[in-house]
$ cat coords_16.txt   # compact mmCIF, C-alpha atoms
# COMPACT_ATOMS: atom_id res chain seq x y z
CA MET A 1 10.82 0.08 21.95
CA HIS A 2 7.69 0.78 23.90
CA ASN A 3 6.37 1.56 27.33
CA ASP A 4 4.09 4.32 28.60
CA SER A 5 6.37 6.97 27.08
CA LYS A 6 6.60 4.99 23.80
CA THR A 7 10.32 5.70 23.60
CA VAL A 8 11.94 2.88 25.58
CA PRO A 9 12.90 -0.49 24.01
CA SER A 10 10.62 -3.48 24.51
CA CYS A 11 11.83 -7.06 24.90
CA ASN A 12 8.66 -8.39 23.26
CA PRO A 13 7.47 -6.00 20.54
CA PRO A 14 4.05 -6.64 18.92
CA PRO A 15 3.70 -7.70 15.26
CA VAL A 16 4.54 -4.93 12.80
CA PRO A 17 2.68 -4.81 9.45
CA ILE A 18 4.81 -3.90 6.44
CA ILE A 19 2.64 -3.25 3.36
CA VAL A 20 4.47 -3.93 0.09
CA GLY A 21 3.58 -4.46 -3.56
CA ALA A 22 3.74 -2.92 -7.00
CA PRO A 23 2.86 0.80 -7.16
CA ARG A 24 -0.82 1.57 -7.81
CA SER A 25 -1.92 -1.73 -6.27
CA GLY A 26 -3.90 -0.09 -3.46
CA SER A 27 -1.24 0.16 -0.78
CA THR A 28 -2.33 3.64 0.30
CA LEU A 29 -5.92 2.42 0.60
CA LEU A 30 -4.81 -0.43 2.84
CA ARG A 31 -2.53 1.87 4.81
CA LEU A 32 -5.44 4.20 5.59
CA MET A 33 -7.68 1.30 6.55
CA LEU A 34 -5.15 -0.08 9.03
CA ASP A 35 -4.19 3.37 10.26
CA ALA A 36 -7.85 3.99 11.15
CA HIS A 37 -7.44 1.39 13.89
CA SER A 38 -7.23 2.97 17.35
CA GLN A 39 -3.91 1.24 18.10
CA LEU A 40 -2.05 1.38 14.80
CA ALA A 41 -0.11 4.27 13.21
CA ILE A 42 1.36 3.97 9.72
CA PRO A 43 3.33 6.94 8.36
CA PRO A 44 3.66 8.05 4.74
CA GLU A 45 6.13 6.00 2.70
CA THR A 46 9.55 5.79 4.33
CA GLY A 47 11.69 3.57 2.13
CA PHE A 48 14.61 3.49 4.53
CA LEU A 49 14.11 0.13 6.28
CA GLY A 50 16.23 -1.55 3.62
CA ILE A 51 19.06 1.00 3.63
CA ALA A 52 22.52 -0.54 3.28
CA PHE A 53 24.99 0.75 5.85
CA GLY A 54 28.11 -1.04 4.67
CA LYS A 55 30.42 -3.28 6.68
CA LYS A 56 31.57 -0.77 9.28
CA PRO A 57 29.73 -0.61 12.62
CA VAL A 58 26.85 1.86 12.41
CA VAL A 59 27.06 4.82 14.79
CA HIS A 60 24.31 7.19 15.90
CA ARG A 61 25.31 10.04 13.55
CA THR A 62 25.54 7.84 10.45
CA PHE A 63 22.12 6.35 11.11
CA PHE A 64 20.55 9.72 11.84
CA GLU A 65 21.85 11.26 8.63
CA LYS A 66 20.90 8.28 6.47
CA VAL A 67 17.31 8.27 7.74
CA THR A 68 16.62 12.01 7.85
CA GLN A 69 18.19 12.59 4.43
CA PHE A 70 16.48 9.70 2.66
CA PRO A 71 16.09 9.56 -0.28
CA ARG A 72 19.17 11.59 -1.13
CA ASP A 73 17.68 13.27 -4.20
CA ALA A 74 14.51 14.47 -2.45
CA PRO A 75 14.39 13.78 1.33
CA ALA A 76 10.98 12.77 2.69
CA TRP A 77 11.62 13.62 6.35
CA GLY A 78 9.18 16.53 6.24
CA ASP A 79 6.27 14.13 5.73
CA TYR A 80 6.48 12.57 9.17
CA GLY A 81 6.08 15.52 11.52
CA VAL A 82 8.82 14.13 13.77
CA SER A 83 11.28 16.65 15.13
CA SER A 84 14.81 15.86 13.98
CA LYS A 85 16.01 17.20 17.32
CA SER A 86 13.80 14.78 19.26
CA PHE A 87 14.85 11.94 16.99
CA TRP A 88 18.53 12.68 17.58
CA GLU A 89 18.03 12.92 21.32
CA GLN A 90 16.24 9.57 21.46
CA LEU A 91 18.83 7.89 19.23
CA GLN A 92 21.60 8.91 21.60
CA ARG A 93 19.89 6.96 24.39
CA ILE A 94 20.50 3.71 22.49
CA ASP A 95 23.75 2.36 23.94
CA PRO A 96 25.31 0.38 22.42
CA PHE A 97 23.76 1.52 19.17
CA ASP A 98 21.64 -0.99 17.26
CA VAL A 99 20.12 -0.42 13.81
CA ALA A 100 16.87 -2.18 14.68
CA GLU A 101 16.41 -0.05 17.79
CA GLY A 102 17.22 3.01 15.71
CA PHE A 103 14.38 2.23 13.34
CA ARG A 104 12.02 1.42 16.20
CA CYS A 105 12.95 4.76 17.74
CA PHE A 106 11.70 6.63 14.68
CA TYR A 107 8.47 4.68 14.42
CA TRP A 108 7.68 5.00 18.12
CA LEU A 109 8.18 8.76 17.95
CA TYR A 110 5.76 8.87 15.01
CA THR A 111 3.33 6.57 16.81
CA ALA A 112 3.41 8.70 19.97
CA ARG A 113 2.61 11.76 17.86
CA GLN A 114 -0.52 9.97 16.62
CA GLY A 115 -1.54 8.89 20.12
CA LYS A 116 -1.29 5.22 19.15
CA SER A 117 0.44 2.20 20.66
CA ARG A 118 1.58 0.16 17.63
CA TRP A 119 3.33 0.99 14.38
CA GLY A 120 3.57 -0.25 10.83
CA ASP A 121 4.95 0.79 7.45
CA LYS A 122 3.63 1.14 3.94
CA THR A 123 6.31 1.37 1.28
CA PRO A 124 5.78 -0.53 -2.00
CA GLY A 125 9.54 -0.59 -2.65
CA HIS A 126 10.24 -2.49 0.55
CA VAL A 127 9.21 -5.53 -1.50
CA PHE A 128 12.84 -5.62 -2.66
CA GLY A 129 14.31 -5.46 0.84
CA MET A 130 12.15 -8.01 2.64
CA PRO A 131 14.98 -10.40 3.66
CA LEU A 132 17.11 -7.63 5.17
CA ILE A 133 14.13 -5.95 6.85
CA GLU A 134 13.09 -9.21 8.51
CA GLN A 135 16.66 -9.86 9.59
CA ARG A 136 16.81 -6.44 11.23
CA ILE A 137 13.30 -6.38 12.71
CA PRO A 138 12.05 -9.93 13.33
CA GLU A 139 8.59 -8.81 14.45
CA VAL A 140 7.66 -7.60 10.94
CA ARG A 141 4.76 -9.23 9.13
CA PHE A 142 4.68 -8.60 5.41
CA ILE A 143 1.40 -7.92 3.65
CA HIS A 144 1.89 -8.20 -0.11
CA LEU A 145 -0.93 -6.43 -1.92
CA ILE A 146 -1.48 -7.79 -5.42
CA ARG A 147 -3.70 -6.24 -8.09
CA ASP A 148 -4.45 -7.32 -11.65
CA GLY A 149 -1.52 -5.94 -13.61
CA ARG A 150 -3.71 -4.42 -16.31
CA ASP A 151 -5.40 -2.19 -13.75
CA VAL A 152 -1.98 -1.40 -12.28
CA ALA A 153 -0.66 -0.37 -15.70
CA LEU A 154 -3.63 1.90 -16.43
CA SER A 155 -3.37 3.50 -12.98
CA TRP A 156 0.43 3.85 -13.13
CA LYS A 157 0.79 5.27 -16.62
CA PRO A 158 -0.56 8.87 -16.09
CA TRP A 159 1.68 9.75 -13.14
CA TRP A 160 5.11 11.38 -12.94
CA PHE A 161 6.59 8.28 -11.26
CA SER A 162 5.51 5.88 -14.01
CA PRO A 163 8.58 4.02 -15.30
CA SER A 164 7.22 4.00 -18.87
CA GLN A 165 4.35 4.94 -21.15
CA SER A 166 4.53 1.58 -22.87
CA ILE A 167 1.97 -1.00 -21.75
CA ALA A 168 4.41 -3.80 -22.55
CA GLU A 169 7.12 -2.21 -20.41
CA LEU A 170 4.67 -1.56 -17.58
CA ALA A 171 3.71 -5.23 -17.76
CA GLN A 172 7.38 -6.14 -17.34
CA HIS A 173 7.72 -3.83 -14.34
CA TRP A 174 4.57 -5.26 -12.73
CA MET A 175 5.89 -8.79 -13.18
CA HIS A 176 9.20 -7.86 -11.59
CA TRP A 177 7.57 -6.33 -8.51
CA VAL A 178 5.03 -9.13 -8.00
CA GLU A 179 7.43 -12.00 -8.65
CA THR A 180 10.07 -10.46 -6.38
CA GLY A 181 7.53 -10.10 -3.58
CA ARG A 182 6.31 -13.67 -3.93
CA ARG A 183 9.84 -15.07 -4.14
CA HIS A 184 10.95 -13.21 -1.02
CA GLY A 185 7.66 -13.93 0.74
CA ALA A 186 8.05 -17.68 0.32
CA HIS A 187 11.05 -17.55 2.65
CA ARG A 188 9.72 -15.12 5.26
CA GLN A 189 8.50 -16.17 8.68
CA HIS A 190 5.33 -14.08 8.39
CA TYR A 191 3.96 -13.32 4.92
CA MET A 192 0.43 -12.76 3.67
CA GLU A 193 -0.90 -12.05 0.18
CA VAL A 194 -3.95 -9.84 -0.18
CA ARG A 195 -5.77 -9.28 -3.45
CA PHE A 196 -6.87 -5.72 -4.17
CA GLU A 197 -10.01 -7.04 -5.82
CA GLU A 198 -11.09 -8.80 -2.62
CA LEU A 199 -10.16 -5.79 -0.51
CA VAL A 200 -12.59 -3.54 -2.43
CA THR A 201 -15.40 -6.08 -2.82
CA ALA A 202 -15.29 -7.67 0.65
CA PRO A 203 -13.37 -5.19 2.82
CA GLU A 204 -14.65 -6.35 6.20
CA ARG A 205 -13.78 -9.98 5.58
CA VAL A 206 -10.31 -9.13 4.28
CA LEU A 207 -9.55 -6.68 7.07
CA LYS A 208 -10.60 -9.22 9.70
CA SER A 209 -8.20 -11.69 8.13
CA ILE A 210 -5.40 -9.12 8.19
CA CYS A 211 -6.15 -8.23 11.79
CA ASN A 212 -5.92 -11.90 12.72
CA PHE A 213 -2.54 -12.07 10.96
CA LEU A 214 -1.39 -9.08 13.03
CA SER A 215 -2.84 -10.27 16.37
CA LEU A 216 -5.05 -7.18 16.31
CA ASP A 217 -8.76 -6.87 17.07
CA PHE A 218 -10.85 -5.73 14.11
CA GLU A 219 -12.52 -2.33 14.55
CA PRO A 220 -15.46 -1.10 12.40
CA ALA A 221 -13.73 2.30 12.13
CA MET A 222 -11.34 0.67 9.67
CA LEU A 223 -14.20 0.57 7.16
CA SER A 224 -14.74 4.31 7.60
CA PHE A 225 -11.11 5.16 6.80
CA HIS A 226 -12.21 7.76 4.24
CA ASP A 227 -13.64 9.98 6.99
CA ARG A 228 -10.12 10.88 8.10
CA ALA A 229 -8.21 10.22 4.87
CA LEU A 230 -7.70 13.88 3.97
CA GLN A 231 -6.36 14.60 7.44
CA ARG A 232 -3.91 11.72 7.22
CA LEU A 233 -2.85 12.45 3.65
CA SER A 234 -2.23 16.11 4.49
CA GLU A 235 1.11 14.90 5.87
CA HIS A 236 2.19 14.46 2.25
CA ALA A 237 4.04 17.74 1.84
CA ALA A 238 5.58 19.10 -1.34
CA ARG A 239 8.72 17.14 -2.12
CA ARG A 240 11.84 19.20 -2.81
CA ALA A 241 15.12 18.17 -4.37
CA ILE A 242 18.28 18.83 -2.37
CA THR A 243 18.78 21.80 -4.70
CA GLY A 244 15.57 23.33 -3.36
CA GLU A 245 13.39 22.99 -6.44
CA ILE A 246 9.98 21.35 -6.07
CA VAL A 247 9.87 17.82 -7.48
CA VAL A 248 6.15 17.34 -6.83
CA THR A 249 3.63 19.64 -5.16
CA GLN A 250 1.37 18.74 -2.27
CA GLU A 251 -1.63 19.21 -4.57
CA GLN A 252 -0.22 16.68 -7.03
CA ARG A 253 0.39 14.17 -4.26
CA LEU A 254 -3.15 14.56 -2.93
CA LEU A 255 -4.61 14.23 -6.42
CA GLN A 256 -2.66 11.02 -6.87
CA GLN A 257 -4.51 9.56 -3.84
CA ALA A 258 -7.91 11.18 -4.43
CA LEU A 259 -9.82 7.89 -4.61
CA THR A 260 -8.72 6.93 -1.10
CA MET A 261 -10.74 9.84 0.26
CA GLN A 262 -13.94 8.10 -0.85
CA PRO A 263 -15.67 4.95 0.38
CA VAL A 264 -14.47 1.68 -1.10
CA GLU A 265 -15.73 1.28 -4.66
CA PRO A 266 -16.05 -2.34 -5.86
CA ARG A 267 -16.10 -1.19 -9.48
CA ARG A 268 -12.40 -0.39 -9.17
CA ALA A 269 -11.77 -4.13 -9.45
CA PHE A 270 -11.05 -5.23 -13.02
CA SER A 271 -11.81 -1.81 -14.48
CA TRP A 272 -9.35 -2.64 -17.27
CA LYS A 273 -12.10 -4.66 -18.95
CA GLN A 274 -13.83 -1.41 -19.89
CA ALA A 275 -10.88 0.99 -19.91
CA MET A 276 -8.09 -0.88 -21.74
CA SER A 277 -8.02 -1.15 -25.51
CA VAL A 278 -7.90 -4.59 -27.10
CA SER A 279 -4.44 -3.87 -28.51
CA ASP A 280 -3.12 -2.91 -25.06
CA GLN A 281 -4.71 -6.02 -23.55
CA LYS A 282 -2.84 -8.14 -26.08
CA ALA A 283 0.42 -6.27 -25.49
CA PHE A 284 0.13 -6.80 -21.74
CA ALA A 285 -0.78 -10.48 -22.07
CA THR A 286 2.13 -11.11 -24.42
CA VAL A 287 4.54 -10.05 -21.69
CA ALA A 288 2.77 -11.02 -18.47
CA GLY A 289 0.10 -13.52 -19.47
CA SER A 290 1.85 -16.35 -17.63
CA LEU A 291 1.77 -14.45 -14.32
CA LEU A 292 -1.84 -13.41 -14.85
CA THR A 293 -2.71 -17.08 -15.30
CA GLN A 294 -0.64 -18.11 -12.29
CA LEU A 295 -2.55 -15.59 -10.17
CA ASN A 296 -5.88 -16.81 -11.60
CA TYR A 297 -6.62 -13.53 -13.36
CA SER A 298 -8.60 -14.04 -16.55
CA THR A 299 -6.73 -13.46 -19.81

$ encode --input "coords_16.txt" --output "structure tokens"
Amino acid sequence: MHNDSKTVPSCNPPPVPIIVGAPRSGSTLLRLMLDAHSQLAIPPETGFLGIAFGKKPVVHRTFFEKVTQFPRDAPAWGDYGVSSKSFWEQLQRIDPFDVAEGFRCFYWLYTARQGKSRWGDKTPGHVFGMPLIEQRIPEVRFIHLIRDGRDVALSWKPWWFSPSQSIAELAQHWMHWVETGRRHGAHRQHYMEVRFEELVTAPERVLKSICNFLSLDFEPAMLSFHDRALQRLSEHAARRAITGEIVVTQEQRLLQQALTMQPVEPRRAFSWKQAMSVSDQKAFATVAGSLLTQLNYST
């Protein structure tokens, strides 16, 4: 949905980038790079594009509540700066109601707030909902960001959202995310794999390739993403549980993304070679060595 007001449906929407991949693979870095483009606005993680609505026809109120209260345990709506009142008013203009137009309504409201003309999404977990997301919104173009799993494990382990403290278990989780993304991607109309290591060592070349994939002109400002990173990341408010208690503070969320506020650092590629113990390297390879080899990562 898009015209001069950015709130009316379009019969020919432009390509929509959806950044997916295992956590700690650099998706926030890529989000900020693309968001630095003068046309493109990408909000903080949403997670709701793959929501299941059941078999009954979806009505305005059901959709509104599902989106604004997602996830149920700690709603993220406060991150987006979109008025729930405005969202509800725009949703009611969709007649008959359509889930795809409902989602576009949210993103166009966010995009208008940023003064941009195109939207995208960055949610690692959307890797699991790629078939449904494409079915709902055919203009999506998936960008699967892949990083050496040993660097992912080391980056994942210290944070509150890490699924385990065991390197072997983190290797299993990394495999699940990457293999799911590649399996789904093989059957998508528009799917692109990007290596984190190439993104940080040859950012201009990789970004030009992504822009071509998105039918978007490359802009040098995308390489200076860090100049506005703090401003963009300030949207990441404290996350509260539905009970009111703070799940994670804004300071913790900003600390988690601190490296994205600096210029690209090539040394972030393959840092596991210096930072991971030999025993942990062996533990990771025992579980995920086959995928490392398949992806041409040295073992």

$ closest_atom_pairs --input "coords_16.txt" --of "region 177-252 of chain A" --to "region 147-154 of chain A" --cutoff "12 Å" --atoms "all atoms listed in the file" --output "tab-separated table"
residue	atom	partner	partner_atom	distance
A:Trp177	CA	A:Gly149	CA	10.4
A:Val178	CA	A:Gly149	CA	9.2
A:Glu179	CA	A:Gly149	CA	11.9
A:Glu193	CA	A:Arg147	CA	10.5
A:Val194	CA	A:Arg147	CA	8.7
A:Arg195	CA	A:Arg147	CA	5.9
A:Phe196	CA	A:Arg147	CA	5.1
A:Glu197	CA	A:Arg147	CA	6.8
A:Glu198	CA	A:Arg147	CA	9.5
A:Leu199	CA	A:Arg147	CA	10.0
A:Val200	CA	A:Arg147	CA	10.9

$ atom_distance --input "coords_16.txt" --atom1 "CA of Phe87 (chain A)" --atom2 "CA of Thr243 (chain A)"
24.1 Å

$ closest_residue --input "coords_16.txt" --among "A:Val67, A:Ile167, A:Ala41, A:Ile18" --to "Pro138 (chain A)" --atoms "only C-alpha atoms"
A:Ile18

$ closest_residue --input "coords_16.txt" --among "A:Val140, A:Leu40, A:Ala22, A:Val248" --to "Ser117 (chain A)" --atoms "only C-alpha atoms"
A:Leu40

$ atom_distance --input "coords_16.txt" --atom1 "CA of Leu259 (chain A)" --atom2 "CA of Leu29 (chain A)"
8.5 Å

$ closest_residue --input "coords_16.txt" --among "A:Phe53, A:Trp160, A:Phe48, A:Phe63" --to "Lys122 (chain A)" --atoms "only C-alpha atoms"
A:Phe48

$ closest_residue --input "coords_16.txt" --among "A:Gly21, A:Gly78, A:Pro14, A:Pro71" --to "His236 (chain A)" --atoms "only C-alpha atoms"
A:Gly78

$ atom_distance --input "coords_16.txt" --atom1 "CA of Gln39 (chain A)" --atom2 "CA of Glu265 (chain A)"
25.6 Å

$ residues_near_point --input "coords_16.txt" --point "(-5.2, 1.6, -25.4)" --cutoff "12 Å" --atoms "all atoms listed in the file" --output "MDAnalysis selection string"
chainID A and resid 150 153:154 157 165:168 272:284

$ closest_residue --input "coords_16.txt" --among "A:His173, A:Tyr191, A:Lys116, A:Ala237" --to "Arg141 (chain A)" --atoms "only C-alpha atoms"
A:Tyr191

$ closest_residue --input "coords_16.txt" --among "A:Leu34, A:Met175, A:Val82, A:Ile94" --to "Ser290 (chain A)" --atoms "all atoms listed in the file"
A:Met175

$ residues_around --input "coords_16.txt" --residues "Pro124 (chain A)" --least-positions-apart "5" --cutoff "9 Å" --atoms "only C-alpha atoms" --output "list in words"
Ile19, Val20, Gly21, Ala22, Pro23, Ser25, Ser27, Glu45, Gly47, His144, Leu145 and Trp177 of chain A

$ residues_near_point --input "coords_16.txt" --point "(-4.4, 7.2, 20.0)" --cutoff "12 Å" --atoms "only C-alpha atoms" --output "PyMOL selection string"
chain A and resi 6+35-41+110-119

$ residues_around --input "coords_16.txt" --residues "Gly185 (chain A)" --least-positions-apart "4" --cutoff "10 Å" --atoms "all atoms listed in the file" --output "VMD selection string"
chain A and resid 127 130 to 131 142 to 144 179 to 181 189 to 193

$ residues_around --input "coords_16.txt" --residues "Arg232 (chain A)" --least-positions-apart "4" --cutoff "10 Å" --atoms "all atoms listed in the file" --output "MDAnalysis selection string"
chainID A and resid 32 35:36 42:44 225:228 236 261

$ build_atoms --input "coords_16.txt" --residues "region 179-212 of chain A" --atoms "N, CA and C atoms" --output "PDB file, keeping the file's coordinate frame"
ATOM      1  N   GLU A 179       6.639 -10.778  -8.778  1.00  0.00           N
ATOM      2  CA  GLU A 179       7.430 -12.000  -8.650  1.00  0.00           C
ATOM      3  C   GLU A 179       8.502 -11.863  -7.572  1.00  0.00           C
ATOM      4  N   THR A 180       9.085 -10.679  -7.443  1.00  0.00           N
ATOM      5  CA  THR A 180      10.070 -10.460  -6.380  1.00  0.00           C
ATOM      6  C   THR A 180       9.411 -10.608  -5.012  1.00  0.00           C
ATOM      7  N   GLY A 181       8.232 -10.004  -4.845  1.00  0.00           N
ATOM      8  CA  GLY A 181       7.530 -10.100  -3.580  1.00  0.00           C
ATOM      9  C   GLY A 181       7.162 -11.524  -3.218  1.00  0.00           C
ATOM     10  N   ARG A 182       6.702 -12.286  -4.191  1.00  0.00           N
ATOM     11  CA  ARG A 182       6.310 -13.670  -3.930  1.00  0.00           C
ATOM     12  C   ARG A 182       7.528 -14.557  -3.651  1.00  0.00           C
ATOM     13  N   ARG A 183       8.609 -14.290  -4.364  1.00  0.00           N
ATOM     14  CA  ARG A 183       9.840 -15.070  -4.140  1.00  0.00           C
ATOM     15  C   ARG A 183      10.388 -14.813  -2.742  1.00  0.00           C
ATOM     16  N   HIS A 184      10.475 -13.535  -2.363  1.00  0.00           N
ATOM     17  CA  HIS A 184      10.950 -13.210  -1.020  1.00  0.00           C
ATOM     18  C   HIS A 184       9.960 -13.712   0.043  1.00  0.00           C
ATOM     19  N   GLY A 185       8.675 -13.552  -0.237  1.00  0.00           N
ATOM     20  CA  GLY A 185       7.660 -13.930   0.740  1.00  0.00           C
ATOM     21  C   GLY A 185       7.686 -15.412   1.076  1.00  0.00           C
ATOM     22  N   ALA A 186       8.033 -16.233   0.100  1.00  0.00           N
ATOM     23  CA  ALA A 186       8.050 -17.680   0.320  1.00  0.00           C
ATOM     24  C   ALA A 186       9.047 -18.090   1.392  1.00  0.00           C
ATOM     25  N   HIS A 187      10.004 -17.229   1.672  1.00  0.00           N
ATOM     26  CA  HIS A 187      11.050 -17.550   2.650  1.00  0.00           C
ATOM     27  C   HIS A 187      10.966 -16.702   3.914  1.00  0.00           C
ATOM     28  N   ARG A 188       9.881 -15.957   4.064  1.00  0.00           N
ATOM     29  CA  ARG A 188       9.720 -15.120   5.260  1.00  0.00           C
ATOM     30  C   ARG A 188       8.942 -15.882   6.318  1.00  0.00           C
ATOM     31  N   GLN A 189       9.195 -15.524   7.565  1.00  0.00           N
ATOM     32  CA  GLN A 189       8.500 -16.170   8.680  1.00  0.00           C
ATOM     33  C   GLN A 189       7.023 -15.806   8.695  1.00  0.00           C
ATOM     34  N   HIS A 190       6.719 -14.546   8.381  1.00  0.00           N
ATOM     35  CA  HIS A 190       5.330 -14.080   8.390  1.00  0.00           C
ATOM     36  C   HIS A 190       5.062 -13.322   7.085  1.00  0.00           C
ATOM     37  N   TYR A 191       4.243 -13.898   6.235  1.00  0.00           N
ATOM     38  CA  TYR A 191       3.960 -13.320   4.920  1.00  0.00           C
ATOM     39  C   TYR A 191       2.522 -13.620   4.541  1.00  0.00           C
ATOM     40  N   MET A 192       1.837 -12.609   4.055  1.00  0.00           N
ATOM     41  CA  MET A 192       0.430 -12.760   3.670  1.00  0.00           C
ATOM     42  C   MET A 192       0.191 -12.048   2.346  1.00  0.00           C
ATOM     43  N   GLU A 193      -0.508 -12.698   1.428  1.00  0.00           N
ATOM     44  CA  GLU A 193      -0.900 -12.050   0.180  1.00  0.00           C
ATOM     45  C   GLU A 193      -2.351 -11.606   0.275  1.00  0.00           C
ATOM     46  N   VAL A 194      -2.604 -10.395  -0.167  1.00  0.00           N
ATOM     47  CA  VAL A 194      -3.950  -9.840  -0.180  1.00  0.00           C
ATOM     48  C   VAL A 194      -4.247  -9.365  -1.591  1.00  0.00           C
ATOM     49  N   ARG A 195      -5.375  -9.736  -2.118  1.00  0.00           N
ATOM     50  CA  ARG A 195      -5.770  -9.280  -3.450  1.00  0.00           C
ATOM     51  C   ARG A 195      -6.559  -7.972  -3.335  1.00  0.00           C
ATOM     52  N   PHE A 196      -6.171  -7.005  -4.135  1.00  0.00           N
ATOM     53  CA  PHE A 196      -6.870  -5.720  -4.170  1.00  0.00           C
ATOM     54  C   PHE A 196      -8.348  -5.921  -4.469  1.00  0.00           C
ATOM     55  N   GLU A 197      -8.636  -6.817  -5.390  1.00  0.00           N
ATOM     56  CA  GLU A 197     -10.010  -7.040  -5.820  1.00  0.00           C
ATOM     57  C   GLU A 197     -10.888  -7.515  -4.667  1.00  0.00           C
ATOM     58  N   GLU A 198     -10.331  -8.340  -3.788  1.00  0.00           N
ATOM     59  CA  GLU A 198     -11.090  -8.800  -2.620  1.00  0.00           C
ATOM     60  C   GLU A 198     -11.192  -7.703  -1.578  1.00  0.00           C
ATOM     61  N   LEU A 199     -10.148  -6.878  -1.481  1.00  0.00           N
ATOM     62  CA  LEU A 199     -10.160  -5.790  -0.510  1.00  0.00           C
ATOM     63  C   LEU A 199     -11.286  -4.797  -0.803  1.00  0.00           C
ATOM     64  N   VAL A 200     -11.565  -4.533  -2.091  1.00  0.00           N
ATOM     65  CA  VAL A 200     -12.590  -3.540  -2.430  1.00  0.00           C
ATOM     66  C   VAL A 200     -13.985  -4.147  -2.566  1.00  0.00           C
ATOM     67  N   THR A 201     -14.078  -5.458  -2.708  1.00  0.00           N
ATOM     68  CA  THR A 201     -15.400  -6.080  -2.820  1.00  0.00           C
ATOM     69  C   THR A 201     -15.871  -6.712  -1.507  1.00  0.00           C
ATOM     70  N   ALA A 202     -14.936  -7.084  -0.653  1.00  0.00           N
ATOM     71  CA  ALA A 202     -15.290  -7.670   0.650  1.00  0.00           C
ATOM     72  C   ALA A 202     -14.344  -7.124   1.721  1.00  0.00           C
ATOM     73  N   PRO A 203     -14.355  -5.803   1.927  1.00  0.00           N
ATOM     74  CA  PRO A 203     -13.370  -5.190   2.820  1.00  0.00           C
ATOM     75  C   PRO A 203     -13.403  -5.697   4.256  1.00  0.00           C
ATOM     76  N   GLU A 204     -14.582  -5.915   4.803  1.00  0.00           N
ATOM     77  CA  GLU A 204     -14.650  -6.350   6.200  1.00  0.00           C
ATOM     78  C   GLU A 204     -14.023  -7.734   6.369  1.00  0.00           C
ATOM     79  N   ARG A 205     -14.339  -8.632   5.480  1.00  0.00           N
ATOM     80  CA  ARG A 205     -13.780  -9.980   5.580  1.00  0.00           C
ATOM     81  C   ARG A 205     -12.260  -9.956   5.457  1.00  0.00           C
ATOM     82  N   VAL A 206     -11.759  -9.191   4.495  1.00  0.00           N
ATOM     83  CA  VAL A 206     -10.310  -9.130   4.280  1.00  0.00           C
ATOM     84  C   VAL A 206      -9.612  -8.455   5.448  1.00  0.00           C
ATOM     85  N   LEU A 207     -10.172  -7.376   5.951  1.00  0.00           N
ATOM     86  CA  LEU A 207      -9.550  -6.680   7.070  1.00  0.00           C
ATOM     87  C   LEU A 207      -9.549  -7.545   8.331  1.00  0.00           C
ATOM     88  N   LYS A 208     -10.587  -8.317   8.545  1.00  0.00           N
ATOM     89  CA  LYS A 208     -10.600  -9.220   9.700  1.00  0.00           C
ATOM     90  C   LYS A 208      -9.493 -10.256   9.569  1.00  0.00           C
ATOM     91  N   SER A 209      -9.267 -10.729   8.357  1.00  0.00           N
ATOM     92  CA  SER A 209      -8.200 -11.690   8.130  1.00  0.00           C
ATOM     93  C   SER A 209      -6.832 -11.067   8.388  1.00  0.00           C
ATOM     94  N   ILE A 210      -6.657  -9.827   7.947  1.00  0.00           N
ATOM     95  CA  ILE A 210      -5.400  -9.120   8.190  1.00  0.00           C
ATOM     96  C   ILE A 210      -5.190  -8.875   9.675  1.00  0.00           C
ATOM     97  N   CYS A 211      -6.249  -8.466  10.353  1.00  0.00           N
ATOM     98  CA  CYS A 211      -6.150  -8.230  11.790  1.00  0.00           C
ATOM     99  C   CYS A 211      -5.749  -9.510  12.529  1.00  0.00           C
ATOM    100  N   ASN A 212      -6.293 -10.621  12.112  1.00  0.00           N
ATOM    101  CA  ASN A 212      -5.920 -11.900  12.720  1.00  0.00           C
ATOM    102  C   ASN A 212      -4.439 -12.192  12.503  1.00  0.00           C
TER     103      ASN A 212
END
